[in-house]
file entry07.csv (CSV, C-alpha atoms)
chain,number,residue,atom,x,y,z
V,1,MET,CA,-23.9,-1.6,-17.4
V,2,VAL,CA,-21.5,-4.5,-17.5
V,3,ALA,CA,-21.2,-6.3,-20.8
V,4,PRO,CA,-22.0,-10.1,-20.8
V,5,ARG,CA,-18.4,-11.0,-21.7
V,6,GLN,CA,-17.2,-9.0,-18.7
V,7,TRP,CA,-19.6,-10.9,-16.5
V,8,ARG,CA,-18.2,-14.1,-17.9
V,9,LEU,CA,-14.7,-13.0,-17.1
V,10,ALA,CA,-15.7,-12.1,-13.6
V,11,VAL,CA,-17.4,-15.5,-13.1
V,12,VAL,CA,-14.3,-17.3,-14.4
V,13,GLN,CA,-12.0,-15.4,-12.0
V,14,THR,CA,-14.3,-16.0,-9.1
V,15,CYS,CA,-14.6,-19.7,-9.8
V,16,ALA,CA,-10.8,-19.9,-10.2
V,17,GLY,CA,-10.4,-18.2,-6.8
V,18,LEU,CA,-12.9,-20.6,-5.1
V,19,ILE,CA,-11.2,-23.6,-6.6
V,20,GLY,CA,-7.9,-22.4,-5.2
V,21,VAL,CA,-9.4,-22.0,-1.7
V,22,LEU,CA,-11.0,-25.5,-1.9
V,23,LEU,CA,-7.7,-27.1,-3.1
V,24,PHE,CA,-5.8,-25.3,-0.3
V,25,THR,CA,-8.3,-26.5,2.3
V,26,LEU,CA,-8.2,-30.0,1.0
V,27,LEU,CA,-4.4,-30.3,0.7
V,28,PHE,CA,-3.3,-28.5,3.8
V,29,HIS,CA,-6.2,-29.1,6.2
V,30,LEU,CA,-8.5,-32.0,5.4
V,31,ILE,CA,-6.0,-34.5,4.1
V,32,PRO,CA,-3.5,-33.9,6.9
V,33,ALA,CA,-6.3,-34.2,9.4
V,34,TRP,CA,-7.5,-37.5,7.9
V,35,LEU,CA,-3.9,-38.8,8.0
V,36,ASP,CA,-3.4,-37.6,11.6
V,37,ILE,CA,-0.7,-35.1,10.5
V,38,SER,CA,-0.3,-31.7,12.1
V,39,PRO,CA,0.7,-29.3,9.3
V,40,ASP,CA,3.1,-26.5,10.2
V,41,LEU,CA,1.6,-23.6,8.2
V,42,ARG,CA,3.0,-20.1,8.2
V,43,ASP,CA,0.4,-17.5,8.9
V,44,SER,CA,0.6,-15.1,5.9
V,45,LEU,CA,-2.1,-12.7,7.3
V,46,ARG,CA,-0.4,-9.5,8.3
V,47,THR,CA,-1.6,-6.4,10.0
V,48,SER,CA,1.4,-4.1,9.3
V,49,LEU,CA,3.5,-2.9,6.4
V,50,SER,CA,6.3,-5.4,7.4
V,51,GLY,CA,8.8,-2.5,7.6
V,52,ARG,CA,7.9,-1.1,4.2
V,53,GLU,CA,7.2,2.3,5.7
V,54,SER,CA,10.9,2.8,6.5
V,55,ILE,CA,12.2,1.7,3.1
V,56,TRP,CA,9.6,3.9,1.4
V,57,LEU,CA,10.7,6.8,3.4
V,58,LEU,CA,14.3,6.1,2.5
V,59,ALA,CA,13.4,6.0,-1.2
V,60,TRP,CA,11.5,9.3,-0.9
V,61,GLU,CA,14.5,11.0,0.8
V,62,MET,CA,16.7,9.8,-2.1
V,63,ALA,CA,14.2,11.2,-4.6
V,64,LYS,CA,14.1,14.6,-2.8
V,65,GLU,CA,17.9,14.8,-2.7
V,66,ASN,CA,18.3,13.7,-6.4
V,67,PRO,CA,15.1,14.8,-8.1
V,68,TRP,CA,16.4,15.0,-11.7
V,69,LEU,CA,18.5,11.9,-12.3
V,70,GLY,CA,18.1,9.9,-9.1
V,71,VAL,CA,20.9,8.1,-7.3
V,72,GLY,CA,21.5,5.8,-10.2
V,73,PRO,CA,20.0,2.6,-11.6
V,74,MET,CA,19.9,-0.1,-8.8
V,75,HIS,CA,21.8,2.3,-6.4
V,76,TYR,CA,19.1,2.2,-3.8
V,77,ALA,CA,21.0,-0.9,-2.8
V,78,ALA,CA,24.2,1.1,-2.3
V,79,THR,CA,22.8,2.6,1.0
V,80,TYR,CA,22.4,-0.1,3.6
V,81,ASN,CA,19.3,-0.4,5.6
V,82,PRO,CA,18.2,-3.3,7.9
V,83,VAL,CA,15.0,-4.1,5.9
V,84,ALA,CA,15.6,-4.6,2.2
V,85,ALA,CA,17.7,-3.7,-0.8
V,86,HIS,CA,14.8,-2.3,-2.8
V,87,PRO,CA,11.8,-0.2,-1.7
V,88,HIS,CA,9.1,-2.7,-2.6
V,89,GLN,CA,7.2,0.0,-4.5
V,90,VAL,CA,7.9,0.6,-8.2
V,91,ILE,CA,7.1,4.3,-8.4
V,92,LEU,CA,9.3,5.2,-5.4
V,93,GLN,CA,12.0,2.9,-6.8
V,94,TRP,CA,12.0,4.6,-10.2
V,95,VAL,CA,11.9,8.2,-8.8
V,96,ALA,CA,14.7,7.4,-6.3
V,97,GLU,CA,17.0,5.6,-8.8
V,98,TRP,CA,16.1,7.2,-12.2
V,99,GLY,CA,14.7,10.6,-11.2
V,100,THR,CA,11.4,12.4,-11.6
V,101,PRO,CA,11.4,13.1,-15.4
V,102,ALA,CA,12.2,9.4,-16.3
V,103,THR,CA,9.5,8.2,-13.8
V,104,LEU,CA,6.9,10.5,-15.3
V,105,MET,CA,7.8,9.3,-18.8
V,106,ALA,CA,7.6,5.7,-17.7
V,107,LEU,CA,4.2,6.3,-16.0
V,108,CYS,CA,2.7,8.0,-19.0
V,109,LEU,CA,3.9,5.2,-21.3
V,110,GLY,CA,2.5,2.6,-18.9
V,111,VAL,CA,-0.9,4.3,-18.6
V,112,TRP,CA,-1.1,4.8,-22.4
V,113,GLY,CA,-0.2,1.2,-23.0
V,114,MET,CA,-2.8,-0.1,-20.6
V,115,TRP,CA,-5.5,2.2,-21.9
V,116,PHE,CA,-4.6,1.3,-25.5
V,117,GLY,CA,-4.9,-2.4,-24.6
V,118,LEU,CA,-8.3,-1.9,-22.9
V,119,SER,CA,-9.6,-0.1,-26.0
V,120,ARG,CA,-8.5,-3.0,-28.1
V,121,LEU,CA,-10.4,-5.4,-25.8
V,122,ARG,CA,-13.6,-3.4,-26.3
V,123,GLN,CA,-13.4,-3.6,-30.1
V,124,GLY,CA,-14.5,-6.5,-32.2
V,125,GLU,CA,-14.9,-10.1,-31.0
V,126,VAL,CA,-13.8,-11.4,-27.6
V,127,ASP,CA,-10.1,-12.2,-27.7
V,128,ASN,CA,-9.2,-14.4,-24.7
V,129,ILE,CA,-5.5,-14.2,-25.2
V,130,SER,CA,-5.6,-10.4,-25.3
V,131,ALA,CA,-7.8,-10.4,-22.2
V,132,ALA,CA,-5.3,-12.7,-20.4
V,133,LEU,CA,-2.4,-10.5,-21.3
V,134,TRP,CA,-4.1,-7.4,-20.2
V,135,LEU,CA,-5.1,-8.9,-16.8
V,136,SER,CA,-1.7,-10.4,-16.3
V,137,ILE,CA,0.1,-7.1,-16.9
V,138,ALA,CA,-2.5,-5.2,-14.8
V,139,GLY,CA,-2.0,-7.7,-11.9
V,140,ALA,CA,1.7,-7.3,-12.1
V,141,LEU,CA,1.5,-3.5,-12.0
V,142,ILE,CA,-0.8,-3.7,-9.0
V,143,LEU,CA,1.5,-6.1,-7.1
V,144,ALA,CA,4.4,-3.8,-8.0
V,145,GLN,CA,3.0,-1.2,-5.6
V,146,VAL,CA,3.9,-3.3,-2.6
V,147,ASP,CA,6.6,-5.8,-3.9
V,148,GLY,CA,9.7,-6.1,-6.1
V,149,VAL,CA,8.0,-7.0,-9.4
V,150,PHE,CA,10.4,-4.7,-11.3
V,151,VAL,CA,13.4,-6.0,-9.3
V,152,MET,CA,13.5,-9.8,-9.4
V,153,PRO,CA,14.9,-11.5,-12.6
V,154,TYR,CA,12.1,-14.1,-12.6
V,155,THR,CA,9.2,-11.6,-12.6
V,156,GLU,CA,11.1,-9.2,-14.9
V,157,THR,CA,11.5,-12.0,-17.5
V,158,TRP,CA,7.8,-12.8,-17.4
V,159,LEU,CA,7.0,-9.1,-17.7
V,160,ALA,CA,9.2,-8.8,-20.8
V,161,ILE,CA,7.5,-11.9,-22.3
V,162,LEU,CA,3.9,-10.6,-21.5
V,163,ILE,CA,4.5,-7.0,-22.6
V,164,GLY,CA,6.3,-8.3,-25.8
V,165,LEU,CA,3.4,-10.5,-26.6
V,166,ALA,CA,0.9,-7.7,-26.0
V,167,ILE,CA,2.9,-5.2,-28.2
V,168,ALA,CA,3.1,-7.9,-31.0
V,169,LYS,CA,-0.7,-8.6,-30.7
V,170,TRP,CA,-2.0,-5.1,-30.3
V,171,SER,CA,0.2,-3.2,-32.8
V,172,ASN,CA,0.1,-3.1,-36.6
V,173,PRO,CA,3.5,-4.4,-37.9
V,174,LYS,CA,5.3,-2.4,-40.5
V,175,PRO,CA,8.4,-3.2,-42.6
V,176,THR,CA,11.6,-2.3,-40.7
V,177,PRO,CA,13.9,0.1,-42.5
V,178,SER,CA,17.2,-1.4,-43.4
V,179,ALA,CA,19.2,1.3,-41.6
V,180,GLN,CA,17.3,0.4,-38.4
V,181,ARG,CA,18.1,-3.3,-38.8
V,182,VAL,CA,21.8,-2.5,-39.3
V,183,PHE,CA,21.8,-0.2,-36.2
V,184,PHE,CA,20.4,-2.8,-33.9
V,185,ARG,CA,22.8,-5.5,-35.2
V,186,VAL,CA,25.8,-3.2,-34.5
V,187,LEU,CA,24.4,-2.2,-31.1
V,188,ALA,CA,24.1,-5.9,-30.2
V,189,ILE,CA,27.9,-6.4,-30.6
V,190,PRO,CA,29.0,-4.5,-27.4
V,191,VAL,CA,26.0,-5.9,-25.5
V,192,ILE,CA,27.1,-9.4,-26.3
V,193,LEU,CA,30.7,-8.7,-25.4
V,194,ILE,CA,29.8,-7.1,-22.1
V,195,LEU,CA,27.4,-9.9,-21.2
V,196,GLY,CA,29.9,-12.5,-22.2
V,197,ASN,CA,32.6,-10.9,-20.0
V,198,VAL,CA,30.2,-10.9,-17.0
V,199,LEU,CA,29.1,-14.5,-17.6
V,200,ILE,CA,32.7,-15.7,-18.0
V,201,ASN,CA,34.6,-13.7,-15.5
V,202,GLU,CA,32.1,-12.6,-12.8
V,203,ALA,CA,29.1,-14.9,-12.7
V,204,PRO,CA,31.1,-18.0,-11.6
V,205,THR,CA,32.3,-16.3,-8.4
V,206,VAL,CA,28.9,-14.7,-7.4
V,207,PRO,CA,28.0,-17.3,-4.8
V,208,GLU,CA,31.5,-17.0,-3.1
V,209,ASP,CA,31.4,-13.2,-3.3
V,210,SER,CA,27.9,-13.1,-1.8
V,211,GLU,CA,28.9,-15.3,1.2
V,212,ALA,CA,32.0,-13.2,1.7
V,213,HIS,CA,30.1,-10.0,1.7
V,214,MET,CA,27.5,-11.3,4.2
V,215,SER,CA,30.3,-12.6,6.4
V,216,LYS,CA,32.1,-9.3,6.4
V,217,HIS,CA,29.2,-7.0,6.9
V,218,HIS,CA,27.0,-9.4,8.9
V,219,THR,CA,24.0,-9.0,6.5
V,220,GLY,CA,21.5,-11.7,5.6
V,221,TRP,CA,19.9,-12.6,2.2
V,222,THR,CA,18.2,-9.4,0.9
V,223,PRO,CA,17.4,-10.4,-2.7
V,224,ARG,CA,17.4,-7.8,-5.5
V,225,PHE,CA,18.6,-8.7,-8.9
V,226,TRP,CA,21.1,-11.0,-7.1
V,227,ALA,CA,20.4,-12.9,-3.9
V,228,GLN,CA,22.8,-11.0,-1.7
V,229,GLY,CA,21.3,-7.7,-2.8
V,230,TRP,CA,23.7,-4.9,-1.7
V,231,ILE,CA,26.3,-3.0,-3.8
V,232,PRO,CA,29.2,-2.7,-3.9
V,233,MET,CA,29.7,-6.4,-3.3
V,234,ASP,CA,33.0,-7.2,-1.6
V,235,GLY,CA,34.6,-10.2,-3.2
V,236,VAL,CA,36.4,-13.1,-1.5
V,237,ASP,CA,39.7,-11.1,-1.7
V,238,GLY,CA,38.1,-8.3,0.3
V,239,VAL,CA,37.4,-10.4,3.4
V,240,LYS,CA,39.8,-9.7,6.2

call {"tool": "encode", "arguments": {"input": "entry07.csv", "output": "structure tokens"}}
result
Amino acid sequence: MVAPRQWRLAVVQTCAGLIGVLLFTLLFHLIPAWLDISPDLRDSLRTSLSGRESIWLLAWEMAKENPWLGVGPMHYAATYNPVAAHPHQVILQWVAEWGTPATLMALCLGVWGMWFGLSRLRQGEVDNISAALWLSIAGALILAQVDGVFVMPYTETWLAILIGLAIAKWSNPKPTPSAQRVFFRVLAIPVILILGNVLINEAPTVPEDSEAHMSKHHTGWTPRFWAQGWIPMDGVDGVK
């Protein structure tokens, strides 16, 4: 049996999808035809994995060679391949870069968090914000199986916001011990110093360094956390 509120949610999602299809047809087909304009639309329908099978295999090989600690955070991008600087699959990315134990802990934490959120949705009155948070996080986790959701800064920022809101809404706040507050304030000092150094000394030259790296190694834009993607990045001084 499906609860009435779940039916309502399904109806809302279906209506939103239909409205999106109608708007797309209107804006990109009907209006251009009425104005005698021939739109140049890219066909996004695909019948293959778009090269994902090769980068998935590379990530799996890295995981088998380094099962405990992985090759290192973001170090999938240290081994060049002609497809992408990340595997477009979050579990393979974690197991290749962080190792099997860390991946299992992350998976257990994620499953527990999603199950806890679902149990909260089933209790009490309907909470539209909680439902929207749960669906947003679930959608991101599903997309992360075939794309770089846990790679790109934009999506990572939104995930941090959504998960932070969910934790704040679904948890029972307790007074923070004074020792813990002091610890995190002290810990923030080196973080601020390191980030400040990166922003002042390294960030201004990132565009030039990216162009220099692509010119030297004949690579294109393969975005990861940065647009050029690969590490180590040869700076302008490294171009011969």

call {"tool": "closest_atom_pairs", "arguments": {"input": "entry07.csv", "of": "range 101-204 of chain V", "to": "range 223-226 of chain V", "cutoff": "8 Å", "atoms": "all atoms listed in the file", "output": "JSON lines"}}
result
{"residue": "V:Gly148", "atom": "CA", "partner": "V:Arg224", "partner_atom": "CA", "distance": 7.9}
{"residue": "V:Val151", "atom": "CA", "partner": "V:Arg224", "partner_atom": "CA", "distance": 5.8}
{"residue": "V:Met152", "atom": "CA", "partner": "V:Phe225", "partner_atom": "CA", "distance": 5.2}
{"residue": "V:Pro153", "atom": "CA", "partner": "V:Phe225", "partner_atom": "CA", "distance": 5.9}

call {"tool": "atom_distance", "arguments": {"input": "entry07.csv", "atom1": "CA of Ala10 in chain V", "atom2": "CA of Thr155 in chain V"}}
result
24.9 Å

call {"tool": "residues_around", "arguments": {"input": "entry07.csv", "residues": "range 18-29 of chain V", "least_positions_apart": "5", "cutoff": "10 Å", "atoms": "all atoms listed in the file", "output": "NGL selection string"}}
result
:V and (12-13 or 34 or 37-41)

call {"tool": "atom_distance", "arguments": {"input": "entry07.csv", "atom1": "CA of Val186 in chain V", "atom2": "CA of Trp94 in chain V"}}
result
29.0 Å

call {"tool": "atom_distance", "arguments": {"input": "entry07.csv", "atom1": "CA of Ala63 in chain V", "atom2": "CA of Pro101 in chain V"}}
result
11.3 Å

call {"tool": "closest_atom_pairs", "arguments": {"input": "entry07.csv", "of": "range 155-194 of chain V", "to": "range 127-142 of chain V", "cutoff": "12 Å", "atoms": "all atoms listed in the file", "output": "JSON lines"}}
result
{"residue": "V:Thr155", "atom": "CA", "partner": "V:Ala140", "partner_atom": "CA", "distance": 8.7}
{"residue": "V:Glu156", "atom": "CA", "partner": "V:Ala140", "partner_atom": "CA", "distance": 10.0}
{"residue": "V:Trp158", "atom": "CA", "partner": "V:Ile137", "partner_atom": "CA", "distance": 9.6}
{"residue": "V:Leu159", "atom": "CA", "partner": "V:Ile137", "partner_atom": "CA", "distance": 7.2}
{"residue": "V:Ala160", "atom": "CA", "partner": "V:Ile137", "partner_atom": "CA", "distance": 10.0}
{"residue": "V:Ile161", "atom": "CA", "partner": "V:Leu133", "partner_atom": "CA", "distance": 10.0}
{"residue": "V:Leu162", "atom": "CA", "partner": "V:Leu133", "partner_atom": "CA", "distance": 6.3}
{"residue": "V:Ile163", "atom": "CA", "partner": "V:Ile137", "partner_atom": "CA", "distance": 7.2}
{"residue": "V:Gly164", "atom": "CA", "partner": "V:Leu133", "partner_atom": "CA", "distance": 10.0}
{"residue": "V:Leu165", "atom": "CA", "partner": "V:Leu133", "partner_atom": "CA", "distance": 7.9}
{"residue": "V:Ala166", "atom": "CA", "partner": "V:Leu133", "partner_atom": "CA", "distance": 6.4}
{"residue": "V:Ile167", "atom": "CA", "partner": "V:Leu133", "partner_atom": "CA", "distance": 10.2}
{"residue": "V:Ala168", "atom": "CA", "partner": "V:Ser130", "partner_atom": "CA", "distance": 10.7}
{"residue": "V:Lys169", "atom": "CA", "partner": "V:Ser130", "partner_atom": "CA", "distance": 7.5}
{"residue": "V:Trp170", "atom": "CA", "partner": "V:Ser130", "partner_atom": "CA", "distance": 8.1}
{"residue": "V:Ser171", "atom": "CA", "partner": "V:Ser130", "partner_atom": "CA", "distance": 11.9}

call {"tool": "closest_residue", "arguments": {"input": "entry07.csv", "among": "V:Trp56, V:Trp230, V:Tyr80, V:Trp115", "to": "Gln93 in chain V", "atoms": "only C-alpha atoms"}}
result
V:Trp56

call {"tool": "closest_residue", "arguments": {"input": "entry07.csv", "among": "V:Ala59, V:Val198, V:Val146, V:Val206", "to": "Ala227 in chain V", "atoms": "only C-alpha atoms"}}
result
V:Val206

call {"tool": "closest_residue", "arguments": {"input": "entry07.csv", "among": "V:Thr100, V:Asn66, V:Gln228, V:Ser119", "to": "Ala212 in chain V", "atoms": "only C-alpha atoms"}}
result
V:Gln228

call {"tool": "decode", "arguments": {"input": "entry07.csv", "residues": "range 79-207 of chain V", "atoms": "C-alpha atoms", "output": "PDB file, in the first residue's frame"}}
result
ATOM      1  CA  THR V  79      47.499   8.766 -14.159  1.00  0.00           C
ATOM      2  CA  TYR V  80      46.614  10.164 -17.563  1.00  0.00           C
ATOM      3  CA  ASN V  81      43.939   8.553 -19.719  1.00  0.00           C
ATOM      4  CA  PRO V  82      42.289   9.958 -22.847  1.00  0.00           C
ATOM      5  CA  VAL V  83      38.758  10.019 -21.391  1.00  0.00           C
ATOM      6  CA  ALA V  84      38.481  11.837 -18.053  1.00  0.00           C
ATOM      7  CA  ALA V  85      40.330  12.806 -14.881  1.00  0.00           C
ATOM      8  CA  HIS V  86      37.796  11.039 -12.652  1.00  0.00           C
ATOM      9  CA  PRO V  87      35.926   7.741 -13.018  1.00  0.00           C
ATOM     10  CA  HIS V  88      32.374   9.159 -13.129  1.00  0.00           C
ATOM     11  CA  GLN V  89      31.344   6.644 -10.438  1.00  0.00           C
ATOM     12  CA  VAL V  90      31.574   7.587  -6.800  1.00  0.00           C
ATOM     13  CA  ILE V  91      32.122   4.116  -5.295  1.00  0.00           C
ATOM     14  CA  LEU V  92      34.912   3.277  -7.730  1.00  0.00           C
ATOM     15  CA  GLN V  93      36.380   6.733  -7.144  1.00  0.00           C
ATOM     16  CA  TRP V  94      36.457   6.239  -3.378  1.00  0.00           C
ATOM     17  CA  VAL V  95      37.794   2.689  -3.470  1.00  0.00           C
ATOM     18  CA  ALA V  96      40.524   3.698  -5.954  1.00  0.00           C
ATOM     19  CA  GLU V  97      41.593   6.874  -4.150  1.00  0.00           C
ATOM     20  CA  TRP V  98      40.770   6.182  -0.481  1.00  0.00           C
ATOM     21  CA  GLY V  99      40.876   2.382  -0.263  1.00  0.00           C
ATOM     22  CA  THR V 100      38.363  -0.310   0.625  1.00  0.00           C
ATOM     23  CA  PRO V 101      38.037   0.311   4.419  1.00  0.00           C
ATOM     24  CA  ALA V 102      37.324   4.031   4.008  1.00  0.00           C
ATOM     25  CA  THR V 103      34.848   3.291   1.205  1.00  0.00           C
ATOM     26  CA  LEU V 104      32.965   0.756   3.312  1.00  0.00           C
ATOM     27  CA  MET V 105      32.761   3.228   6.199  1.00  0.00           C
ATOM     28  CA  ALA V 106      31.475   5.958   3.874  1.00  0.00           C
ATOM     29  CA  LEU V 107      28.888   3.596   2.361  1.00  0.00           C
ATOM     30  CA  CYS V 108      27.661   2.456   5.782  1.00  0.00           C
ATOM     31  CA  LEU V 109      27.382   6.058   6.948  1.00  0.00           C
ATOM     32  CA  GLY V 110      25.490   7.048   3.789  1.00  0.00           C
ATOM     33  CA  VAL V 111      23.057   4.113   3.986  1.00  0.00           C
ATOM     34  CA  TRP V 112      22.440   4.757   7.668  1.00  0.00           C
ATOM     35  CA  GLY V 113      21.849   8.473   7.044  1.00  0.00           C
ATOM     36  CA  MET V 114      19.381   7.877   4.198  1.00  0.00           C
ATOM     37  CA  TRP V 115      17.538   5.206   6.194  1.00  0.00           C
ATOM     38  CA  PHE V 116      17.397   7.484   9.246  1.00  0.00           C
ATOM     39  CA  GLY V 117      16.017  10.323   7.110  1.00  0.00           C
ATOM     40  CA  LEU V 118      13.389   8.013   5.600  1.00  0.00           C
ATOM     41  CA  SER V 119      12.312   6.860   9.047  1.00  0.00           C
ATOM     42  CA  ARG V 120      11.894  10.487  10.109  1.00  0.00           C
ATOM     43  CA  LEU V 121       9.710  11.133   7.070  1.00  0.00           C
ATOM     44  CA  ARG V 122       7.432   8.283   8.091  1.00  0.00           C
ATOM     45  CA  GLN V 123       6.883   9.759  11.537  1.00  0.00           C
ATOM     46  CA  GLY V 124       4.461  12.512  12.458  1.00  0.00           C
ATOM     47  CA  GLU V 125       3.035  15.075  10.069  1.00  0.00           C
ATOM     48  CA  VAL V 126       4.186  15.624   6.523  1.00  0.00           C
ATOM     49  CA  ASP V 127       7.308  17.794   6.418  1.00  0.00           C
ATOM     50  CA  ASN V 128       7.784  19.107   2.901  1.00  0.00           C
ATOM     51  CA  ILE V 129      11.269  20.486   3.582  1.00  0.00           C
ATOM     52  CA  SER V 130      12.500  17.152   4.944  1.00  0.00           C
ATOM     53  CA  ALA V 131      10.985  15.343   1.965  1.00  0.00           C
ATOM     54  CA  ALA V 132      12.673  17.756  -0.448  1.00  0.00           C
ATOM     55  CA  LEU V 133      16.019  17.325   1.319  1.00  0.00           C
ATOM     56  CA  TRP V 134      15.781  13.536   1.263  1.00  0.00           C
ATOM     57  CA  LEU V 135      14.806  13.441  -2.410  1.00  0.00           C
ATOM     58  CA  SER V 136      17.555  15.895  -3.360  1.00  0.00           C
ATOM     59  CA  ILE V 137      20.246  13.890  -1.587  1.00  0.00           C
ATOM     60  CA  ALA V 138      18.895  10.605  -2.987  1.00  0.00           C
ATOM     61  CA  GLY V 139      18.879  12.059  -6.503  1.00  0.00           C
ATOM     62  CA  ALA V 140      22.466  13.235  -6.104  1.00  0.00           C
ATOM     63  CA  LEU V 141      23.563   9.804  -4.873  1.00  0.00           C
ATOM     64  CA  ILE V 142      21.885   8.118  -7.842  1.00  0.00           C
ATOM     65  CA  LEU V 143      23.492  10.528 -10.319  1.00  0.00           C
ATOM     66  CA  ALA V 144      26.862   9.965  -8.618  1.00  0.00           C
ATOM     67  CA  GLN V 145      26.858   6.409  -9.955  1.00  0.00           C
ATOM     68  CA  VAL V 146      27.429   7.696 -13.492  1.00  0.00           C
ATOM     69  CA  ASP V 147      28.777  11.235 -13.056  1.00  0.00           C
ATOM     70  CA  GLY V 148      31.173  13.387 -11.043  1.00  0.00           C
ATOM     71  CA  VAL V 149      28.795  14.600  -8.329  1.00  0.00           C
ATOM     72  CA  PHE V 150      31.486  14.111  -5.658  1.00  0.00           C
ATOM     73  CA  VAL V 151      34.132  15.769  -7.833  1.00  0.00           C
ATOM     74  CA  MET V 152      32.900  19.140  -9.097  1.00  0.00           C
ATOM     75  CA  PRO V 153      33.025  22.082  -6.657  1.00  0.00           C
ATOM     76  CA  TYR V 154      29.532  23.255  -7.627  1.00  0.00           C
ATOM     77  CA  THR V 155      27.776  19.993  -6.807  1.00  0.00           C
ATOM     78  CA  GLU V 156      29.995  19.379  -3.775  1.00  0.00           C
ATOM     79  CA  THR V 157      28.966  22.762  -2.357  1.00  0.00           C
ATOM     80  CA  TRP V 158      25.270  22.002  -2.840  1.00  0.00           C
ATOM     81  CA  LEU V 159      25.726  18.558  -1.287  1.00  0.00           C
ATOM     82  CA  ALA V 160      27.385  20.127   1.744  1.00  0.00           C
ATOM     83  CA  ILE V 161      24.469  22.567   2.088  1.00  0.00           C
ATOM     84  CA  LEU V 162      21.783  19.892   1.653  1.00  0.00           C
ATOM     85  CA  ILE V 163      23.419  17.364   3.976  1.00  0.00           C
ATOM     86  CA  GLY V 164      24.094  20.090   6.548  1.00  0.00           C
ATOM     87  CA  LEU V 165      20.441  21.158   6.468  1.00  0.00           C
ATOM     88  CA  ALA V 166      19.324  17.539   6.761  1.00  0.00           C
ATOM     89  CA  ILE V 167      21.587  16.880   9.765  1.00  0.00           C
ATOM     90  CA  ALA V 168      20.391  20.070  11.461  1.00  0.00           C
ATOM     91  CA  LYS V 169      16.731  19.206  10.841  1.00  0.00           C
ATOM     92  CA  TRP V 170      16.826  15.495  11.673  1.00  0.00           C
ATOM     93  CA  SER V 171      19.118  15.534  14.706  1.00  0.00           C
ATOM     94  CA  ASN V 172      18.466  16.547  18.294  1.00  0.00           C
ATOM     95  CA  PRO V 173      20.865  19.383  19.146  1.00  0.00           C
ATOM     96  CA  LYS V 174      22.826  19.129  22.372  1.00  0.00           C
ATOM     97  CA  PRO V 175      25.062  21.655  24.122  1.00  0.00           C
ATOM     98  CA  THR V 176      28.606  21.539  22.764  1.00  0.00           C
ATOM     99  CA  PRO V 177      31.322  20.922  25.393  1.00  0.00           C
ATOM    100  CA  SER V 178      33.693  23.852  25.821  1.00  0.00           C
ATOM    101  CA  ALA V 179      36.744  21.660  25.088  1.00  0.00           C
ATOM    102  CA  GLN V 180      35.254  20.693  21.732  1.00  0.00           C
ATOM    103  CA  ARG V 181      34.616  24.332  20.830  1.00  0.00           C
ATOM    104  CA  VAL V 182      38.212  25.237  21.693  1.00  0.00           C
ATOM    105  CA  PHE V 183      39.547  22.281  19.691  1.00  0.00           C
ATOM    106  CA  PHE V 184      37.721  23.281  16.519  1.00  0.00           C
ATOM    107  CA  ARG V 185      38.720  26.915  16.879  1.00  0.00           C
ATOM    108  CA  VAL V 186      42.380  25.918  17.169  1.00  0.00           C
ATOM    109  CA  LEU V 187      41.995  23.502  14.268  1.00  0.00           C
ATOM    110  CA  ALA V 188      40.579  26.329  12.130  1.00  0.00           C
ATOM    111  CA  ILE V 189      43.824  28.309  12.378  1.00  0.00           C
ATOM    112  CA  PRO V 190      46.027  26.065  10.174  1.00  0.00           C
ATOM    113  CA  VAL V 191      43.110  25.539   7.794  1.00  0.00           C
ATOM    114  CA  ILE V 192      42.734  29.295   7.339  1.00  0.00           C
ATOM    115  CA  LEU V 193      46.495  29.744   6.897  1.00  0.00           C
ATOM    116  CA  ILE V 194      46.733  26.995   4.257  1.00  0.00           C
ATOM    117  CA  LEU V 195      43.691  28.207   2.347  1.00  0.00           C
ATOM    118  CA  GLY V 196      44.935  31.763   2.542  1.00  0.00           C
ATOM    119  CA  ASN V 197      48.295  30.754   1.115  1.00  0.00           C
ATOM    120  CA  VAL V 198      46.620  28.876  -1.749  1.00  0.00           C
ATOM    121  CA  LEU V 199      44.284  31.759  -2.562  1.00  0.00           C
ATOM    122  CA  ILE V 200      47.044  34.382  -2.457  1.00  0.00           C
ATOM    123  CA  ASN V 201      49.964  32.561  -4.058  1.00  0.00           C
ATOM    124  CA  GLU V 202      48.512  29.798  -6.247  1.00  0.00           C
ATOM    125  CA  ALA V 203      44.942  30.598  -7.284  1.00  0.00           C
ATOM    126  CA  PRO V 204      45.832  33.730  -9.339  1.00  0.00           C
ATOM    127  CA  THR V 205      48.044  31.684 -11.678  1.00  0.00           C
ATOM    128  CA  VAL V 206      45.684  28.724 -12.163  1.00  0.00           C
ATOM    129  CA  PRO V 207      44.364  29.869 -15.586  1.00  0.00           C
TER     130      PRO V 207
END
